$ cat work.txt   # compact mmCIF, C-alpha atoms
# COMPACT_ATOMS: atom_id res chain seq x y z
CA MET A 1 8.86 165.26 -49.10
CA GLY A 2 5.58 165.30 -47.30
CA ALA A 3 5.03 164.93 -43.58
CA SER A 4 3.49 161.50 -44.03
CA GLN A 5 6.59 160.19 -45.75
CA SER A 6 8.99 161.41 -43.08
CA GLN A 7 7.03 159.69 -40.28
CA GLU A 8 6.94 156.29 -41.94
CA PRO A 9 9.87 154.14 -40.92
CA GLU A 10 12.11 152.57 -43.48
CA GLU A 11 11.83 148.87 -44.15
CA ALA A 12 14.21 146.72 -42.16
CA PRO A 13 16.24 144.01 -43.87
CA GLY A 14 14.02 141.07 -44.66
CA GLY A 15 11.06 143.16 -45.75
CA THR A 16 9.52 143.97 -42.34
CA SER A 17 9.09 147.42 -40.97
CA PRO A 18 10.12 148.14 -37.37
CA ALA A 19 6.62 149.44 -36.65
CA LYS A 20 5.16 146.00 -37.34
CA SER A 21 7.83 143.97 -35.49
CA PRO A 22 8.29 143.79 -31.69
CA ALA A 23 10.27 146.55 -30.02
CA LYS A 24 14.05 146.27 -29.84
CA ALA A 25 14.06 143.29 -32.22
CA ALA A 26 13.64 140.67 -29.48
CA PRO A 27 12.97 137.13 -30.65
CA ALA A 28 9.27 136.42 -31.12
CA ALA A 29 9.29 133.37 -28.84
CA PRO A 30 12.15 131.94 -26.85
CA ALA A 31 13.51 128.67 -28.12
CA PRO A 32 12.87 125.72 -25.80
CA GLY A 33 15.26 126.24 -22.92
CA GLY A 34 16.52 129.41 -24.58
CA SER A 35 15.55 131.76 -21.77
CA GLU A 36 17.26 129.60 -19.16
CA LYS A 37 20.96 129.24 -18.48
CA PRO A 38 22.71 126.81 -20.83
CA LYS A 39 22.70 123.22 -19.65
CA GLU A 40 25.96 122.07 -18.11
CA ALA A 41 27.61 118.74 -18.70
CA PRO A 42 26.39 115.87 -16.46
CA THR A 43 28.02 115.92 -13.04
CA GLY A 44 26.98 112.52 -11.72
CA ASN A 45 23.87 113.72 -9.90
CA LYS A 46 20.86 111.49 -9.41
CA THR A 47 19.07 112.54 -12.59
CA ASN A 48 22.04 112.08 -14.90
CA SER A 49 23.25 108.86 -13.28
CA LYS A 50 20.07 107.11 -14.41
CA THR A 51 20.64 107.52 -18.13
CA ALA A 52 22.99 104.67 -19.05
CA LEU A 53 22.85 101.40 -17.12
CA PRO A 54 24.54 98.10 -17.78
CA ALA A 55 22.18 95.32 -18.84
CA GLY A 56 20.19 93.80 -15.99
CA LEU A 57 20.46 96.75 -13.59
CA VAL A 58 17.59 98.87 -12.36
CA ALA A 59 17.87 102.64 -12.24
CA ALA A 60 19.38 104.15 -9.12
CA GLY A 61 16.80 105.36 -6.69
CA THR A 62 14.67 102.24 -6.83
CA GLY A 63 14.50 99.23 -4.58
CA SER A 64 15.41 98.69 -0.94
CA GLN A 65 18.96 98.83 0.32
CA ILE A 66 20.53 96.87 3.16
CA CYS A 67 23.82 97.45 4.94
CA VAL A 68 26.09 94.46 5.64
CA ARG A 69 28.82 94.93 8.27
CA ASN A 70 31.61 92.73 9.65
CA LEU A 71 32.65 91.62 6.19
CA PRO A 72 36.13 90.13 5.77
CA LYS A 73 38.56 92.74 4.41
CA ASP A 74 39.07 90.77 1.19
CA THR A 75 35.33 90.56 0.31
CA LYS A 76 34.55 91.48 -3.29
CA GLU A 77 31.22 92.60 -4.74
CA GLU A 78 30.83 89.25 -6.54
CA ASP A 79 31.22 87.40 -3.19
CA LEU A 80 28.53 89.50 -1.55
CA ARG A 81 26.20 89.07 -4.53
CA LYS A 82 26.61 85.26 -4.44
CA GLN A 83 26.00 85.16 -0.71
CA PHE A 84 22.72 87.13 -0.93
CA LYS A 85 21.29 86.17 -4.35
CA GLY A 86 18.96 83.54 -2.88
CA PHE A 87 16.84 86.20 -1.21
CA GLY A 88 15.67 87.99 -4.35
CA LYS A 89 16.62 90.13 -7.33
CA ILE A 90 19.71 92.18 -6.53
CA THR A 91 19.94 95.42 -8.49
CA ASP A 92 23.19 96.78 -7.04
CA VAL A 93 26.08 95.70 -4.81
CA SER A 94 28.75 97.97 -3.38
CA VAL A 95 31.63 96.96 -1.09
CA LYS A 96 33.34 99.98 0.41
CA THR A 97 37.14 99.96 0.05
CA PHE A 98 40.18 102.03 0.92
CA GLU A 99 42.26 103.56 -1.88
CA ASN A 100 44.58 100.52 -1.80
CA GLY A 101 41.63 98.22 -2.59
CA GLN A 102 41.35 96.63 0.85
CA GLY A 103 37.76 96.37 2.11
CA LYS A 104 36.53 98.59 4.92
CA GLY A 105 34.43 95.72 6.29
CA TYR A 106 31.01 96.83 5.10
CA GLY A 107 28.92 97.15 1.97
CA PHE A 108 25.46 97.72 0.58
CA ILE A 109 23.07 95.54 -1.39
CA THR A 110 20.00 96.90 -3.16
CA PHE A 111 17.11 94.51 -3.74
CA LYS A 112 14.32 95.21 -6.20
CA LYS A 113 11.61 94.76 -3.53
CA LEU A 114 11.36 95.61 0.15
CA GLU A 115 10.20 92.07 0.96
CA GLU A 116 13.39 90.65 -0.53
CA ALA A 117 15.54 92.98 1.57
CA GLN A 118 13.63 91.98 4.70
CA LYS A 119 14.15 88.27 3.91
CA ALA A 120 17.88 88.89 3.51
CA ILE A 121 18.03 90.62 6.88
CA GLU A 122 16.12 87.79 8.57
CA GLY A 123 18.27 85.14 6.93
CA MET A 124 21.71 86.70 7.31
CA HIS A 125 21.72 88.96 10.40
CA ASP A 126 23.99 87.51 13.12
CA LYS A 127 24.94 84.63 10.84
CA PRO A 128 28.35 83.26 11.92
CA GLN A 129 31.13 83.64 9.37
CA PRO A 130 34.05 81.23 9.08
CA GLU A 131 36.52 84.13 8.89
CA GLY A 132 35.43 86.27 11.83
CA LYS A 133 32.54 88.00 13.52
CA PRO A 134 28.88 87.31 12.63
CA LEU A 135 27.43 89.51 9.90
CA LEU A 136 25.39 92.51 10.99
CA VAL A 137 22.66 93.06 8.39
CA THR A 138 20.23 95.98 8.68
CA MET A 139 18.20 98.28 6.47
CA ALA A 140 20.45 101.05 5.19
CA THR A 141 19.92 104.39 6.88
CA ARG A 142 19.64 106.17 3.53
CA GLN A 143 17.67 104.43 0.80
CA PRO A 144 18.41 104.68 -2.94
CA GLY A 145 17.22 107.96 -4.39
CA GLU A 146 17.34 109.87 -1.12
CA GLY A 147 19.67 112.82 -0.97
CA LYS A 148 22.18 113.47 1.75
CA GLY A 149 19.93 116.19 3.17
CA LYS A 150 20.42 119.89 3.71
CA GLY A 151 20.91 120.53 0.00
CA LYS A 152 23.64 117.96 -0.54
$ encode --input "work.txt" --output "structure tokens"
Amino acid sequence: MGASQSQEPEEAPGGTSPAKSPAKAAPAAPAPGGSEKPKEAPTGNKTNSKTALPAGLVAAGTGSQICVRNLPKDTKEEDLRKQFKGFGKITDVSVKTFENGQGKGYGFITFKKLEEAQKAIEGMHDKPQPEGKPLLVTMATRQPGEGKGKGK
């Protein structure tokens, strides 16, 4: 055997010689997302919660949210929706409850537009209720799409 033959590398499986392919047989180009950590299953964060919505609802993170306090303990989301629907398009209603299902006395309503939320506040704040104290209606401290802050 001559010196030129001993220096030439053998052909690798597939017909390519190691001299012509990248060092250490690394993939030529990473697959999309291949160099990153594998994607985990959705955990209910803001991005993933927007994917599947019931008909007629707007994605979370849009609209203007109001807080309604002094609600009767037996108030249901449907009751709150009926009471506020005249002020504009409601995209979400949430009445906060204890584990036993009894209301905590407050809830949130998200309107599609800021003007609608402002009309609801003007029309319902301090409105007497037959079953107790007048409603306290204000803009929610945290609006849809805002995080809890400090990385939460």
$ atom_distance --input "work.txt" --atom1 "CA of Glu116 (chain A)" --atom2 "CA of Pro130 (chain A)"
24.7 Å
$ residues_near_point --input "work.txt" --point "(32.6, 90.1, 4.6)" --cutoff "10 Å" --atoms "all atoms listed in the file" --output "JSON, numbers by chain"
{"A": [68, 69, 70, 71, 72, 73, 74, 75, 76, 77, 79, 80, 83, 95, 103, 104, 105, 106, 107, 129, 131, 132, 133, 134, 135, 136]}
$ write_last_selection --input "work.txt" --atoms "C-alpha atoms" --output "PDB file, in the coordinates of the input"
ATOM      1  CA  VAL A  68      26.090  94.460   5.640  1.00  0.00           C
ATOM      2  CA  ARG A  69      28.820  94.930   8.270  1.00  0.00           C
ATOM      3  CA  ASN A  70      31.610  92.730   9.650  1.00  0.00           C
ATOM      4  CA  LEU A  71      32.650  91.620   6.190  1.00  0.00           C
ATOM      5  CA  PRO A  72      36.130  90.130   5.770  1.00  0.00           C
ATOM      6  CA  LYS A  73      38.560  92.740   4.410  1.00  0.00           C
ATOM      7  CA  ASP A  74      39.070  90.770   1.190  1.00  0.00           C
ATOM      8  CA  THR A  75      35.330  90.560   0.310  1.00  0.00           C
ATOM      9  CA  LYS A  76      34.550  91.480  -3.290  1.00  0.00           C
ATOM     10  CA  GLU A  77      31.220  92.600  -4.740  1.00  0.00           C
ATOM     11  CA  ASP A  79      31.220  87.400  -3.190  1.00  0.00           C
ATOM     12  CA  LEU A  80      28.530  89.500  -1.550  1.00  0.00           C
ATOM     13  CA  GLN A  83      26.000  85.160  -0.710  1.00  0.00           C
ATOM     14  CA  VAL A  95      31.630  96.960  -1.090  1.00  0.00           C
ATOM     15  CA  GLY A 103      37.760  96.370   2.110  1.00  0.00           C
ATOM     16  CA  LYS A 104      36.530  98.590   4.920  1.00  0.00           C
ATOM     17  CA  GLY A 105      34.430  95.720   6.290  1.00  0.00           C
ATOM     18  CA  TYR A 106      31.010  96.830   5.100  1.00  0.00           C
ATOM     19  CA  GLY A 107      28.920  97.150   1.970  1.00  0.00           C
ATOM     20  CA  GLN A 129      31.130  83.640   9.370  1.00  0.00           C
ATOM     21  CA  GLU A 131      36.520  84.130   8.890  1.00  0.00           C
ATOM     22  CA  GLY A 132      35.430  86.270  11.830  1.00  0.00           C
ATOM     23  CA  LYS A 133      32.540  88.000  13.520  1.00  0.00           C
ATOM     24  CA  PRO A 134      28.880  87.310  12.630  1.00  0.00           C
ATOM     25  CA  LEU A 135      27.430  89.510   9.900  1.00  0.00           C
ATOM     26  CA  LEU A 136      25.390  92.510  10.990  1.00  0.00           C
TER      27      LEU A 136
END
$ residues_near_point --input "work.txt" --point "(14.5, 90.7, 3.1)" --cutoff "7 Å" --atoms "all atoms listed in the file" --output "list in words"
Phe87, Leu114, Glu115, Glu116, Ala117, Gln118, Lys119, Ala120, Ile121 and Glu122 of chain A
$ write_last_selection --input "work.txt" --atoms "C-alpha atoms" --output "mmCIF file, keeping the file's coordinate frame"
data_model
loop_
_atom_site.group_PDB
_atom_site.id
_atom_site.type_symbol
_atom_site.label_atom_id
_atom_site.label_comp_id
_atom_site.auth_asym_id
_atom_site.auth_seq_id
_atom_site.Cartn_x
_atom_site.Cartn_y
_atom_site.Cartn_z
ATOM 1 C CA PHE A 87 16.840 86.200 -1.210
ATOM 2 C CA LEU A 114 11.360 95.610 0.150
ATOM 3 C CA GLU A 115 10.200 92.070 0.960
ATOM 4 C CA GLU A 116 13.390 90.650 -0.530
ATOM 5 C CA ALA A 117 15.540 92.980 1.570
ATOM 6 C CA GLN A 118 13.630 91.980 4.700
ATOM 7 C CA LYS A 119 14.150 88.270 3.910
ATOM 8 C CA ALA A 120 17.880 88.890 3.510
ATOM 9 C CA ILE A 121 18.030 90.620 6.880
ATOM 10 C CA GLU A 122 16.120 87.790 8.570
#
$ atom_distance --input "work.txt" --atom1 "CA of Ser94 (chain A)" --atom2 "CA of Ile109 (chain A)"
6.5 Å
$ residues_around --input "work.txt" --residues "Thr141 (chain A)" --least-positions-apart "6" --cutoff "9 Å" --atoms "all atoms listed in the file" --output "VMD selection string"
chain A and resid 65 to 67
$ atom_distance --input "work.txt" --atom1 "CA of Thr138 (chain A)" --atom2 "CA of Thr62 (chain A)"
17.6 Å
$ closest_residue --input "work.txt" --among "A:Gly101, A:Gly123, A:Gly63, A:Pro144" --to "Gly86 (chain A)" --atoms "all atoms listed in the file"
A:Gly123
$ axis_aligned_box --input "work.txt" --around "region 128-136 of chain A" --padding-each-side "3 Å" --output "JSON"
{"center_x": 31.0, "center_y": 86.9, "center_z": 11.2, "size_x": 17.1, "size_y": 17.3, "size_z": 10.6}
$ closest_residue --input "work.txt" --among "A:His125, A:Lys112, A:Gly145, A:Phe98" --to "Lys85 (chain A)" --atoms "only C-alpha atoms"
A:Lys112
$ closest_residue --input "work.txt" --among "A:Asp126, A:Arg142, A:Val137, A:Glu78" --to "Asp92 (chain A)" --atoms "all atoms listed in the file"
A:Glu78
$ closest_residue --input "work.txt" --among "A:Glu99, A:Phe108, A:Lys113, A:Lys127" --to "Arg81 (chain A)" --atoms "all atoms listed in the file"
A:Phe108
